[in-house]
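One file, protein35.tsv, carrying TSV, C-alpha atoms:
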```
chain	number	residue	atom	x	y	z
A	19	MET	CA	114.55	-163.24	235.99
A	20	ARG	CA	112.08	-161.08	234.12
A	21	ALA	CA	110.98	-157.85	235.78
A	22	LEU	CA	107.43	-159.01	236.54
A	23	ASP	CA	107.95	-162.70	237.22
A	24	GLY	CA	105.53	-163.72	239.99
A	25	VAL	CA	103.04	-160.90	239.36
A	26	THR	CA	99.49	-162.01	238.49
A	27	ILE	CA	97.14	-159.84	236.46
A	28	VAL	CA	93.42	-160.57	236.07
A	29	SER	CA	92.02	-158.54	233.19
A	30	LEU	CA	88.42	-158.12	232.13
A	31	GLU	CA	89.34	-156.69	228.76
A	32	GLN	CA	88.43	-156.31	225.14
A	33	ALA	CA	89.57	-154.44	222.02
A	34	VAL	CA	92.88	-152.51	222.19
A	35	ALA	CA	93.42	-150.19	225.16
A	36	ALA	CA	93.43	-152.69	228.04
A	37	PRO	CA	94.89	-155.58	226.00
A	38	ILE	CA	97.95	-153.57	224.95
A	39	ALA	CA	98.59	-152.66	228.59
A	40	THR	CA	98.36	-156.25	229.78
A	41	ARG	CA	100.31	-157.63	226.84
A	42	HIS	CA	103.26	-155.46	227.77
A	43	LEU	CA	102.92	-156.70	231.34
A	44	ALA	CA	102.93	-160.28	230.04
A	45	ASP	CA	106.01	-159.56	227.92
A	46	LEU	CA	107.80	-158.53	231.12
A	47	GLY	CA	106.92	-161.83	232.80
A	48	ALA	CA	103.56	-161.20	234.48
A	49	ARG	CA	100.93	-163.91	234.43
A	50	VAL	CA	97.90	-162.43	232.66
A	51	ILE	CA	94.55	-164.20	233.09
A	52	LYS	CA	92.29	-162.75	230.42
A	53	ILE	CA	88.58	-163.01	231.20
A	54	GLU	CA	86.44	-163.40	228.07
A	55	ARG	CA	82.76	-163.96	227.53
A	56	PRO	CA	81.98	-167.49	226.25
A	57	ASP	CA	79.91	-166.33	223.27
A	58	GLY	CA	82.69	-165.02	221.05
A	59	GLY	CA	85.13	-163.66	223.61
A	60	ASP	CA	87.02	-160.42	223.11
A	61	PHE	CA	85.30	-158.83	220.11
A	62	ALA	CA	88.71	-157.96	218.66
A	63	ARG	CA	88.91	-161.67	217.77
A	64	GLY	CA	86.47	-160.85	214.98
A	65	TYR	CA	87.92	-157.60	213.60
A	66	ASP	CA	89.44	-159.31	210.55
A	67	GLU	CA	90.94	-162.60	209.33
A	68	ALA	CA	94.32	-161.26	208.21
A	69	VAL	CA	96.54	-163.69	210.15
A	70	ARG	CA	95.63	-167.07	208.69
A	71	GLY	CA	92.01	-166.51	209.64
A	72	MET	CA	92.74	-164.82	212.98
A	73	SER	CA	92.38	-161.13	213.70
A	74	SER	CA	95.56	-159.11	213.32
A	75	HIS	CA	94.60	-156.97	216.32
A	76	PHE	CA	94.06	-160.01	218.51
A	77	VAL	CA	97.33	-161.70	217.53
A	78	TRP	CA	99.21	-158.44	218.12
A	79	LEU	CA	97.74	-157.75	221.57
A	80	ASN	CA	97.15	-161.08	223.28
A	81	ARG	CA	100.23	-163.25	223.22
A	82	GLY	CA	101.38	-164.68	226.53
A	83	LYS	CA	97.91	-164.61	228.12
A	84	GLU	CA	95.65	-167.32	229.53
A	85	SER	CA	92.08	-167.16	228.23
A	86	VAL	CA	89.39	-167.97	230.79
A	87	ALA	CA	85.81	-167.87	229.51
A	88	LEU	CA	83.31	-166.76	232.17
A	89	ASP	CA	79.69	-165.76	231.74
A	90	LEU	CA	79.47	-162.74	233.99
A	91	LYS	CA	75.73	-162.57	233.40
A	92	SER	CA	75.56	-165.58	235.71
A	93	ALA	CA	76.01	-165.59	239.46
A	94	ARG	CA	78.38	-168.55	239.15
A	95	GLY	CA	80.50	-166.72	236.61
A	96	ARG	CA	80.81	-163.72	238.89
A	97	GLU	CA	81.63	-166.02	241.80
A	98	ALA	CA	84.44	-167.56	239.75
A	99	LEU	CA	85.91	-164.15	238.94
A	100	ALA	CA	85.62	-163.10	242.59
A	101	ALA	CA	87.45	-166.28	243.60
A	102	LEU	CA	90.34	-165.42	241.27
A	103	LEU	CA	90.92	-161.95	242.66
A	104	PRO	CA	92.49	-162.93	246.03
A	105	HIS	CA	95.29	-164.48	243.96
A	106	ALA	CA	95.81	-161.37	241.82
A	107	ASP	CA	98.17	-158.44	242.25
A	108	VAL	CA	96.40	-156.32	239.62
A	109	PHE	CA	92.87	-156.17	238.21
A	110	VAL	CA	92.34	-154.31	234.92
A	111	GLN	CA	88.98	-153.66	233.27
A	112	ASN	CA	87.72	-151.62	230.35
A	113	LEU	CA	84.03	-152.45	230.35
A	114	ALA	CA	81.30	-150.01	229.38
A	115	PRO	CA	80.81	-147.13	231.86
A	116	GLY	CA	79.29	-148.42	235.10
A	117	ALA	CA	79.28	-152.08	234.06
A	118	ALA	CA	81.97	-153.19	236.50
A	119	ASP	CA	80.15	-151.57	239.40
A	120	ARG	CA	76.90	-153.26	238.43
A	121	LEU	CA	78.69	-156.60	238.33
A	122	GLY	CA	80.21	-156.00	241.77
A	123	PHE	CA	83.76	-155.38	240.51
A	124	GLY	CA	84.04	-151.62	240.85
A	125	SER	CA	87.24	-150.20	242.27
A	126	ALA	CA	85.79	-149.19	245.66
A	127	ALA	CA	84.31	-152.62	246.32
A	128	LEU	CA	87.46	-154.43	245.22
A	129	ARG	CA	89.81	-152.27	247.27
A	130	ALA	CA	87.63	-152.73	250.34
A	131	ALA	CA	87.82	-156.49	249.92
A	132	HIS	CA	91.46	-156.60	248.80
A	133	PRO	CA	93.50	-153.70	250.27
A	134	ASP	CA	96.69	-154.69	248.44
A	135	LEU	CA	95.08	-155.05	245.02
A	136	VAL	CA	95.96	-152.60	242.25
A	137	VAL	CA	92.73	-151.82	240.38
A	138	VAL	CA	92.92	-150.10	237.00
A	139	GLU	CA	89.71	-148.81	235.44
A	140	MET	CA	89.96	-147.76	231.80
A	141	SER	CA	87.31	-145.78	229.98
A	142	GLY	CA	86.73	-143.42	227.11
A	143	TYR	CA	86.13	-140.20	229.03
A	144	GLY	CA	86.66	-140.99	232.71
A	145	SER	CA	84.16	-141.63	235.50
A	146	THR	CA	82.82	-138.08	235.75
A	147	GLY	CA	81.96	-135.16	233.50
A	148	PRO	CA	79.28	-134.66	230.84
A	149	LEU	CA	80.70	-137.32	228.51
A	150	HIS	CA	81.40	-140.07	231.02
A	151	THR	CA	78.57	-142.31	229.80
A	152	LYS	CA	79.22	-141.89	226.07
A	153	ARG	CA	80.59	-144.64	223.90
A	154	ALA	CA	84.19	-143.90	223.05
A	155	TYR	CA	85.97	-145.53	220.13
A	156	ASP	CA	89.39	-144.46	218.90
A	157	LEU	CA	88.00	-142.42	215.98
A	158	LEU	CA	85.49	-140.68	218.22
A	159	VAL	CA	88.12	-139.69	220.78
A	160	GLN	CA	90.43	-138.41	218.03
A	161	GLY	CA	87.56	-136.19	216.96
A	162	GLU	CA	86.46	-135.07	220.44
A	163	THR	CA	89.99	-134.11	221.54
A	164	GLY	CA	90.74	-132.11	218.39
A	165	LEU	CA	93.44	-134.51	217.25
A	166	ALA	CA	91.75	-135.07	213.90
A	167	SER	CA	91.54	-131.31	213.40
A	168	VAL	CA	95.34	-131.01	213.36
A	169	THR	CA	95.96	-134.20	211.38
A	170	GLY	CA	95.74	-134.38	207.59
A	171	THR	CA	96.07	-131.89	204.76
A	172	ALA	CA	95.00	-128.27	204.55
A	173	GLY	CA	91.77	-129.36	202.91
A	174	GLU	CA	90.88	-132.47	204.87
A	175	ALA	CA	91.01	-133.62	208.49
A	176	VAL	CA	91.93	-137.30	208.96
A	177	LYS	CA	92.43	-139.72	211.79
A	178	THR	CA	95.80	-141.31	212.37
A	179	GLY	CA	96.51	-144.61	210.63
A	180	ILE	CA	96.81	-146.49	213.93
A	181	PRO	CA	94.53	-146.31	217.02
A	182	VAL	CA	96.54	-143.78	219.01
A	183	ALA	CA	93.81	-143.06	221.57
A	184	ASP	CA	93.63	-146.74	222.46
A	185	ILE	CA	97.39	-147.17	222.47
A	186	GLY	CA	98.00	-143.99	224.46
A	187	ALA	CA	95.53	-144.98	227.16
A	188	GLY	CA	96.92	-148.51	227.22
A	189	LEU	CA	100.50	-147.38	227.71
A	190	TYR	CA	99.48	-144.97	230.48
A	191	ALA	CA	97.69	-147.89	232.17
A	192	PHE	CA	100.82	-150.03	231.74
A	193	SER	CA	102.95	-147.30	233.35
A	194	ALA	CA	100.43	-146.83	236.14
A	195	VAL	CA	100.51	-150.54	237.01
A	196	LEU	CA	104.30	-150.46	237.28
A	197	ALA	CA	104.21	-147.35	239.47
A	198	ALA	CA	101.46	-148.78	241.70
A	199	LEU	CA	103.31	-152.06	242.16
A	200	LEU	CA	106.48	-150.16	243.10
A	201	ARG	CA	104.53	-148.07	245.62
A	202	ARG	CA	103.01	-151.23	247.09
A	203	GLU	CA	106.46	-152.76	247.49
A	204	ARG	CA	107.41	-149.67	249.49
A	205	GLY	CA	104.50	-150.22	251.88
A	206	GLY	CA	101.90	-148.04	250.24
A	207	GLY	CA	99.31	-150.77	249.76
A	208	GLY	CA	97.10	-151.22	246.73
A	209	ALA	CA	95.69	-148.52	244.50
A	210	CYS	CA	92.73	-147.41	242.42
A	211	VAL	CA	93.87	-146.00	239.08
A	212	GLU	CA	91.70	-144.38	236.42
A	213	VAL	CA	92.92	-143.96	232.84
A	214	SER	CA	90.81	-142.51	230.03
A	215	MET	CA	91.42	-142.31	226.31
A	216	PHE	CA	90.30	-138.68	226.29
A	217	ASP	CA	92.83	-137.69	228.97
A	218	ALA	CA	95.62	-139.56	227.19
A	219	ILE	CA	95.11	-137.68	223.94
A	220	ALA	CA	94.50	-134.37	225.70
A	221	GLU	CA	98.00	-134.81	227.14
A	222	TRP	CA	99.46	-135.68	223.74
A	223	MET	CA	97.87	-132.58	222.22
A	224	GLY	CA	100.43	-130.47	224.10
A	225	HIS	CA	101.84	-128.40	221.22
A	226	PRO	CA	98.56	-127.49	219.50
A	227	LEU	CA	96.79	-127.15	222.86
A	228	TYR	CA	99.25	-124.65	224.34
A	229	THR	CA	99.71	-122.82	221.05
A	230	THR	CA	95.95	-122.31	220.74
A	231	LEU	CA	95.56	-121.46	224.42
A	232	HIS	CA	98.18	-118.72	224.34
A	233	THR	CA	97.82	-117.32	220.81
A	234	GLY	CA	94.16	-117.87	220.11
A	235	LYS	CA	95.08	-119.51	216.82
A	236	GLN	CA	94.97	-123.24	216.12
A	237	PRO	CA	98.03	-124.57	214.24
A	238	PRO	CA	97.10	-125.41	210.65
A	239	ARG	CA	97.13	-128.97	209.35
A	240	ALA	CA	100.46	-129.49	207.61
A	241	SER	CA	100.22	-132.99	206.09
A	242	LEU	CA	103.70	-134.47	206.64
A	243	GLY	CA	105.08	-131.09	207.61
A	244	HIS	CA	105.23	-129.41	211.00
A	245	PRO	CA	103.28	-126.22	211.75
A	246	ALA	CA	106.12	-124.73	213.77
A	247	ILE	CA	109.32	-126.12	212.18
A	248	VAL	CA	110.71	-125.52	208.66
A	249	PRO	CA	112.12	-127.42	206.83
A	250	TYR	CA	110.37	-130.49	208.20
A	251	ASP	CA	108.62	-132.32	205.36
A	252	ALA	CA	108.90	-134.75	202.46
A	253	TYR	CA	110.98	-133.72	199.46
A	254	PRO	CA	111.16	-135.26	195.97
A	255	THR	CA	114.06	-137.20	194.48
A	256	ALA	CA	115.06	-138.21	190.95
A	257	ASP	CA	113.91	-141.76	191.76
A	258	GLY	CA	110.35	-140.65	192.42
A	259	THR	CA	110.54	-141.64	196.11
A	260	ASP	CA	110.26	-138.87	198.67
A	261	VAL	CA	112.79	-138.36	201.45
A	262	LEU	CA	111.86	-136.76	204.75
A	263	ILE	CA	114.13	-133.98	205.97
A	264	GLY	CA	113.98	-132.56	209.48
A	265	VAL	CA	115.92	-129.48	210.57
A	266	GLN	CA	115.56	-128.80	214.30
A	267	ASN	CA	117.57	-125.60	214.70
A	268	ASP	CA	119.30	-122.79	212.83
A	269	ARG	CA	122.71	-124.45	213.08
A	270	GLN	CA	121.38	-127.43	211.16
A	271	TRP	CA	119.82	-125.08	208.61
A	272	ARG	CA	123.22	-123.55	207.95
A	273	SER	CA	124.67	-127.03	207.40
A	274	LEU	CA	121.85	-127.98	205.04
A	275	ALA	CA	122.23	-124.77	203.06
A	276	ALA	CA	126.00	-125.02	202.68
A	277	GLU	CA	126.63	-128.77	202.43
A	278	VAL	CA	123.54	-130.16	200.71
A	279	LEU	CA	121.95	-127.28	198.82
A	280	ALA	CA	125.31	-125.68	197.94
A	281	ARG	CA	123.71	-122.33	198.81
A	282	PRO	CA	125.64	-120.97	201.81
A	283	ASP	CA	124.07	-117.57	201.12
A	284	LEU	CA	120.73	-118.93	202.37
A	285	ALA	CA	122.15	-119.41	205.86
A	286	GLU	CA	122.16	-115.69	206.61
A	287	HIS	CA	119.36	-114.56	204.30
A	288	PRO	CA	116.85	-112.61	206.41
A	289	ASP	CA	113.95	-114.65	205.00
A	290	TYR	CA	115.53	-117.96	206.00
A	291	ALA	CA	118.13	-117.46	208.72
A	292	THR	CA	115.85	-118.32	211.64
A	293	ASN	CA	113.14	-120.92	212.07
A	294	VAL	CA	110.56	-118.19	212.71
A	295	ALA	CA	111.50	-116.56	209.39
A	296	ARG	CA	111.47	-119.90	207.57
A	297	CYS	CA	107.97	-120.62	208.87
A	298	ARG	CA	106.80	-117.30	207.41
A	299	HIS	CA	108.35	-118.28	204.06
A	300	ARG	CA	107.56	-121.99	204.15
A	301	ALA	CA	106.62	-122.33	200.47
A	302	ALA	CA	109.79	-120.63	199.29
A	303	VAL	CA	111.99	-122.77	201.56
A	304	ASP	CA	110.33	-125.98	200.41
A	305	ALA	CA	110.69	-124.94	196.77
A	306	LEU	CA	114.41	-124.18	197.20
A	307	ILE	CA	115.03	-127.56	198.80
A	308	GLY	CA	112.86	-129.50	196.35
A	309	GLU	CA	114.67	-127.97	193.38
A	310	VAL	CA	117.94	-129.50	194.62
A	311	THR	CA	116.65	-132.82	195.98
A	312	GLY	CA	114.70	-133.51	192.80
A	313	ARG	CA	117.99	-133.80	190.90
A	314	LEU	CA	119.42	-136.43	193.30
A	315	THR	CA	118.65	-140.10	193.69
A	316	VAL	CA	117.44	-141.32	197.06
A	317	ALA	CA	120.85	-142.85	197.78
A	318	GLU	CA	122.68	-139.65	196.81
A	319	LEU	CA	120.39	-137.43	198.87
A	320	VAL	CA	120.47	-139.63	201.96
A	321	ARG	CA	124.25	-139.85	201.78
A	322	ALA	CA	124.58	-136.05	201.47
A	323	LEU	CA	122.20	-135.45	204.36
A	324	ASP	CA	123.96	-138.01	206.55
A	325	ASP	CA	127.35	-136.48	205.76
A	326	ALA	CA	126.00	-133.07	206.76
A	327	GLY	CA	124.46	-134.40	209.97
A	328	ILE	CA	120.91	-133.57	208.86
A	329	GLY	CA	118.04	-135.75	210.09
A	330	ASN	CA	116.40	-137.69	207.27
A	331	ALA	CA	114.41	-140.81	206.50
A	332	ARG	CA	112.93	-142.60	203.54
A	333	LEU	CA	109.15	-142.37	203.22
A	334	ASN	CA	108.63	-146.10	203.66
A	335	SER	CA	105.60	-148.31	203.14
A	336	VAL	CA	104.54	-151.03	205.58
A	337	HIS	CA	106.21	-153.48	203.21
A	338	GLY	CA	109.36	-151.45	203.81
A	339	LEU	CA	108.97	-151.93	207.55
A	340	VAL	CA	108.46	-155.69	207.17
A	341	ASP	CA	111.70	-155.94	205.20
A	342	HIS	CA	113.55	-153.21	207.08
A	343	PRO	CA	117.27	-153.95	207.52
A	344	GLN	CA	117.20	-152.28	210.95
A	345	LEU	CA	114.83	-154.92	212.30
A	346	ALA	CA	116.86	-157.69	210.72
A	347	ALA	CA	120.23	-156.38	211.91
A	348	ARG	CA	118.95	-156.02	215.48
A	349	ASP	CA	117.38	-159.49	215.43
A	350	ARG	CA	113.95	-158.11	216.34
A	351	TRP	CA	111.82	-160.88	214.84
A	352	ARG	CA	110.57	-163.86	216.84
A	353	THR	CA	108.08	-166.69	216.28
A	354	VAL	CA	104.90	-166.81	218.37
A	355	LYS	CA	102.56	-169.78	218.59
A	356	THR	CA	98.86	-169.25	217.83
A	357	PRO	CA	95.84	-171.52	217.39
A	358	VAL	CA	96.44	-171.31	213.61
A	359	GLY	CA	100.16	-172.07	213.77
A	360	PRO	CA	103.37	-170.09	214.31
A	361	VAL	CA	103.49	-166.45	213.19
A	362	ASP	CA	106.23	-163.85	213.05
A	363	ALA	CA	106.11	-161.05	215.62
A	364	VAL	CA	108.35	-158.12	216.53
A	365	LEU	CA	109.99	-157.96	219.94
A	366	PRO	CA	108.47	-155.28	222.21
A	367	PRO	CA	110.43	-152.02	222.47
A	368	ILE	CA	111.42	-152.44	226.15
A	369	THR	CA	114.74	-154.29	225.89
A	370	PHE	CA	116.53	-155.64	228.96
A	371	THR	CA	120.14	-156.55	228.26
A	372	ASP	CA	120.08	-159.58	230.57
A	373	THR	CA	116.74	-161.18	229.68
A	374	GLU	CA	114.38	-161.30	226.73
A	375	ALA	CA	110.67	-160.52	226.65
A	376	ARG	CA	108.40	-163.50	227.12
A	377	MET	CA	106.50	-164.03	223.88
A	378	ASP	CA	104.29	-167.02	224.63
A	379	ALA	CA	101.35	-168.25	222.62
A	380	VAL	CA	98.20	-166.40	221.61
A	381	PRO	CA	95.32	-168.26	223.33
A	382	ALA	CA	92.23	-169.78	221.81
A	383	LEU	CA	88.98	-168.63	223.40
A	384	GLY	CA	88.59	-170.32	226.79
A	385	GLU	CA	91.70	-172.44	226.24
A	386	HIS	CA	92.77	-172.18	229.89
A	387	THR	CA	89.39	-172.07	231.63
A	388	GLU	CA	89.40	-175.52	233.19
A	389	ALA	CA	93.09	-175.48	234.14
A	390	VAL	CA	92.99	-172.05	235.78
A	391	LEU	CA	89.75	-172.68	237.68
A	392	ALA	CA	91.00	-176.06	238.86
A	393	GLU	CA	94.29	-174.52	240.01
A	394	PHE	CA	92.42	-172.18	242.35
A	395	GLY	CA	89.80	-174.70	243.44
A	396	ILE	CA	86.94	-173.04	241.56
A	397	ASP	CA	83.98	-175.03	240.19
A	398	SER	CA	84.69	-175.49	236.48
A	399	ASP	CA	80.98	-175.18	235.70
A	400	SER	CA	80.88	-171.66	237.16
A	401	ASP	CA	80.81	-170.03	233.73
A	402	SER	CA	77.92	-172.02	232.32
A	403	ASP	CA	74.74	-170.71	233.95
A	404	SER	CA	73.13	-167.42	232.96
A	405	ASP	CA	70.79	-165.24	234.96
A	406	SER	CA	69.23	-161.81	234.74
A	407	ASP	CA	72.07	-159.36	234.04
A	408	SER	CA	71.89	-157.48	230.76
A	409	ASP	CA	74.28	-158.26	227.91
A	410	SER	CA	75.77	-154.78	228.08
A	411	ASP	CA	77.36	-155.51	231.44
A	412	ASN	CA	79.91	-157.75	229.79
A	413	ASP	CA	80.52	-155.42	226.86
A	414	ASN	CA	83.27	-152.89	226.34
A	415	ASP	CA	81.95	-149.81	224.60
A	416	ASN	CA	85.09	-147.79	225.24
A	417	ASP	CA	87.57	-148.57	222.52
A	418	ALA	CA	88.04	-150.20	219.15
```

So that I can check it, write out the structure of this file as structure tokens.
Amino acid sequence: MRALDGVTIVSLEQAVAAPIATRHLADLGARVIKIERPDGGDFARGYDEAVRGMSSHFVWLNRGKESVALDLKSARGREALAALLPHADVFVQNLAPGAADRLGFGSAALRAAHPDLVVVEMSGYGSTGPLHTKRAYDLLVQGETGLASVTGTAGEAVKTGIPVADIGAGLYAFSAVLAALLRRERGGGGACVEVSMFDAIAEWMGHPLYTTLHTGKQPPRASLGHPAIVPYDAYPTADGTDVLIGVQNDRQWRSLAAEVLARPDLAEHPDYATNVARCRHRAAVDALIGEVTGRLTVAELVRALDDAGIGNARLNSVHGLVDHPQLAARDRWRTVKTPVGPVDAVLPPITFTDTEARMDAVPALGEHTEAVLAEFGIDSDSDSDSDSDSDSDNDNDNDA
């Protein structure tokens, strides 16, 4: 038995934030009915054509779901969605600000009609405040929260290489659904939950946020390094491939100095003995380490660091991740069906020892519309007629 077998999720979702939440729910056994607009569906379907003509984002985030195409600009489309909700345990939406309310699917209306329903509303900035109506894409939230200001090199701010604002909000929504379902099982009834991308990254900004709040100084951008830990960076090798070294405390520094650098005198040197001192003399510390590591091959350096109990890692490429022996040794690859044929996919990180994640097919747009509507006795033509609602009501302007 999977953890969420028997749980039904209806999700009015697009892009990344809501789909990653519901995909994890599907992996754990939940039935996820994904509502898409008939004219193109989830716009993440069109981000790229990297996976045999399908979008890499869509393949990553939408396995195990049933795609139901409904035109929510039409009264009949809205009636069909309304008829699905009595059969749902959870309703998730990440439409543009105010769109769900205008369509009649705001949290207050849904909870009044369905007291045991868990309603999750996802947005860029939340439902209140001066920014609540602004469009919010991952890049924009990384900028607005200050994340980009602490990411990159000394001379250039950059965004992260993956959409962390989307992913962060999605995983908080995933956690919230699990908590709300547990509370409901204990007699607490349904719930209204709000998750915003801005709030997710504000939480993740803990170190720079509290440092700035209490010192008045923002931590500098440190590229691969850490503004408050030294040594914690990439160091050269004789092979030309950098190795990352992370020392978390002064005890580890003493081990690095004696067993890897062959400089036990550095352990008690007043410029290097403590992390605070090493941060003040960052350039000198990095130069001392680089002088030694540059004479060693990657294999020699990694072996020496491992023997000394010092945290280290190779600076891998994505190709290195694809071919990583850790994934192979732990049997983390599976095959997932898609409309363009089977593709390789990595098992999700939540691993139950007695059951495996459900990794069912990635759906074609509207693939399950007729079957799902028929199952619940809903007119299969309910998604075909359009009336006066604006196009923006079925858009998601919150994440990319």

Within-8 Å shell of (114.1, -121.5, 203.0) in input frame, all atoms listed in the file, as a ChimeraX atom specification: /A:248-249,284,289-290,296,299-307

Would you mind telling me which residue in A:Leu323, A:Val310, A:Leu121, A:Val138 lies nearest to A:Ala256 when using only C-alpha atoms?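 Counting only C-alpha atoms, the residue closest to A:Ala256 is A:Val310.
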
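Proximity of A:Met140, A:Ala322, A:Ala246, A:Ile180 to A:Leu157, computed with all atoms listed in the file, is greatest for A:Ile180.
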
Taking all atoms listed in the file into account, which of A:Pro357, A:Pro254, A:Gly312, A:Gly395 comes nearest A:Arg332?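 Among the listed residues, A:Pro254 lies closest to A:Arg332.
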
Please, what distance in Å, to one decimal, runs between atom CA of A:Glu309 and atom CA of A:Gly338?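 One can read the atom CA of A:Glu309 to atom CA of A:Gly338 distance as 26.2 Å.
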
Between atom CA of A:Arg153 and atom CA of A:Val50, what is the distance in Å, rounded to a tenth?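 Distance between the two atoms: 26.3 Å.
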
To one decimal place, how far is atom CA of A:Ser145 from atom CA of A:Ala36 in Å? 16.2 Å

Shell around A:Val340 at 10 Å using all atoms listed in the file, local window under 6 positions removed, as JSON, numbers by chain: {"A": [346, 351, 364]}

Listed atoms of stretch 210-215 of chain A, axis-aligned box, 4 Å per side: centre and edge lengths to one decimal in Å, as AutoDock Vina command-line options?
```
--center_x 92.3 --center_y -144.9 --center_z 234.4 --size_x 11.1 --size_y 13.1 --size_z 24.1
```

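Compared by their closest atoms to A:Thr151, and using all atoms listed in the file, the residues A:Tyr253, A:Asp45, A:Pro37, A:Leu113 rank with A:Leu113 nearest.
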
Of the listed residues A:Gly47, A:Gly124, A:Gly164, A:Gly58, that which approaches A:Glu139 most closely, counting only C-alpha atoms: A:Gly124

Stretch 223-232 of chain A environment, 9 Å, all atoms listed in the file, sequence neighbours closer than 3 positions dropped, as a PyMOL selection string: chain A and resi 163-165+168+218-220+235-237

Atoms to include: C-alpha atoms. Write the selected residues as a PDB file, in the coordinates of the input.
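Output file out-v2.pdb is given in full below:
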```pdb
ATOM      1  CA  THR A 163      89.990-134.110 221.540  1.00  0.00           C
ATOM      2  CA  GLY A 164      90.740-132.110 218.390  1.00  0.00           C
ATOM      3  CA  LEU A 165      93.440-134.510 217.250  1.00  0.00           C
ATOM      4  CA  VAL A 168      95.340-131.010 213.360  1.00  0.00           C
ATOM      5  CA  ALA A 218      95.620-139.560 227.190  1.00  0.00           C
ATOM      6  CA  ILE A 219      95.110-137.680 223.940  1.00  0.00           C
ATOM      7  CA  ALA A 220      94.500-134.370 225.700  1.00  0.00           C
ATOM      8  CA  LYS A 235      95.080-119.510 216.820  1.00  0.00           C
ATOM      9  CA  GLN A 236      94.970-123.240 216.120  1.00  0.00           C
ATOM     10  CA  PRO A 237      98.030-124.570 214.240  1.00  0.00           C
TER      11      PRO A 237
END
```

Pick out the closest residue to A:Ala130 from this set: A:Ala117, A:Ile51, A:Gly207, A:Gly308. Count only C-alpha atoms. A:Gly207

Counting all atoms listed in the file, what is within 9 Å of stretch 370-384 of chain A, bar same-chain residues fewer than 3 positions away, as a VMD selection string? chain A and resid 19 to 20 44 to 47 53 to 56 58 to 60 63 76 to 88 352 to 357 360 363 365 to 366 387 to 388

Would you mind listing what lies within 12 Å of A:Val211 as a PyMOL selection string, with all atoms listed in the file counted and same-chain residues fewer than 5 positions away left out? chain A and resi 108-111+124-126+129+135-141+144-145+190-199

Identify the residues around (98.9, -167.0, 213.3) within a radius of 6 Å, measuring from all atoms listed in the file in the coordinates stated by the file, and give them as a PyMOL selection string. chain A and resi 69-70+356+358-361
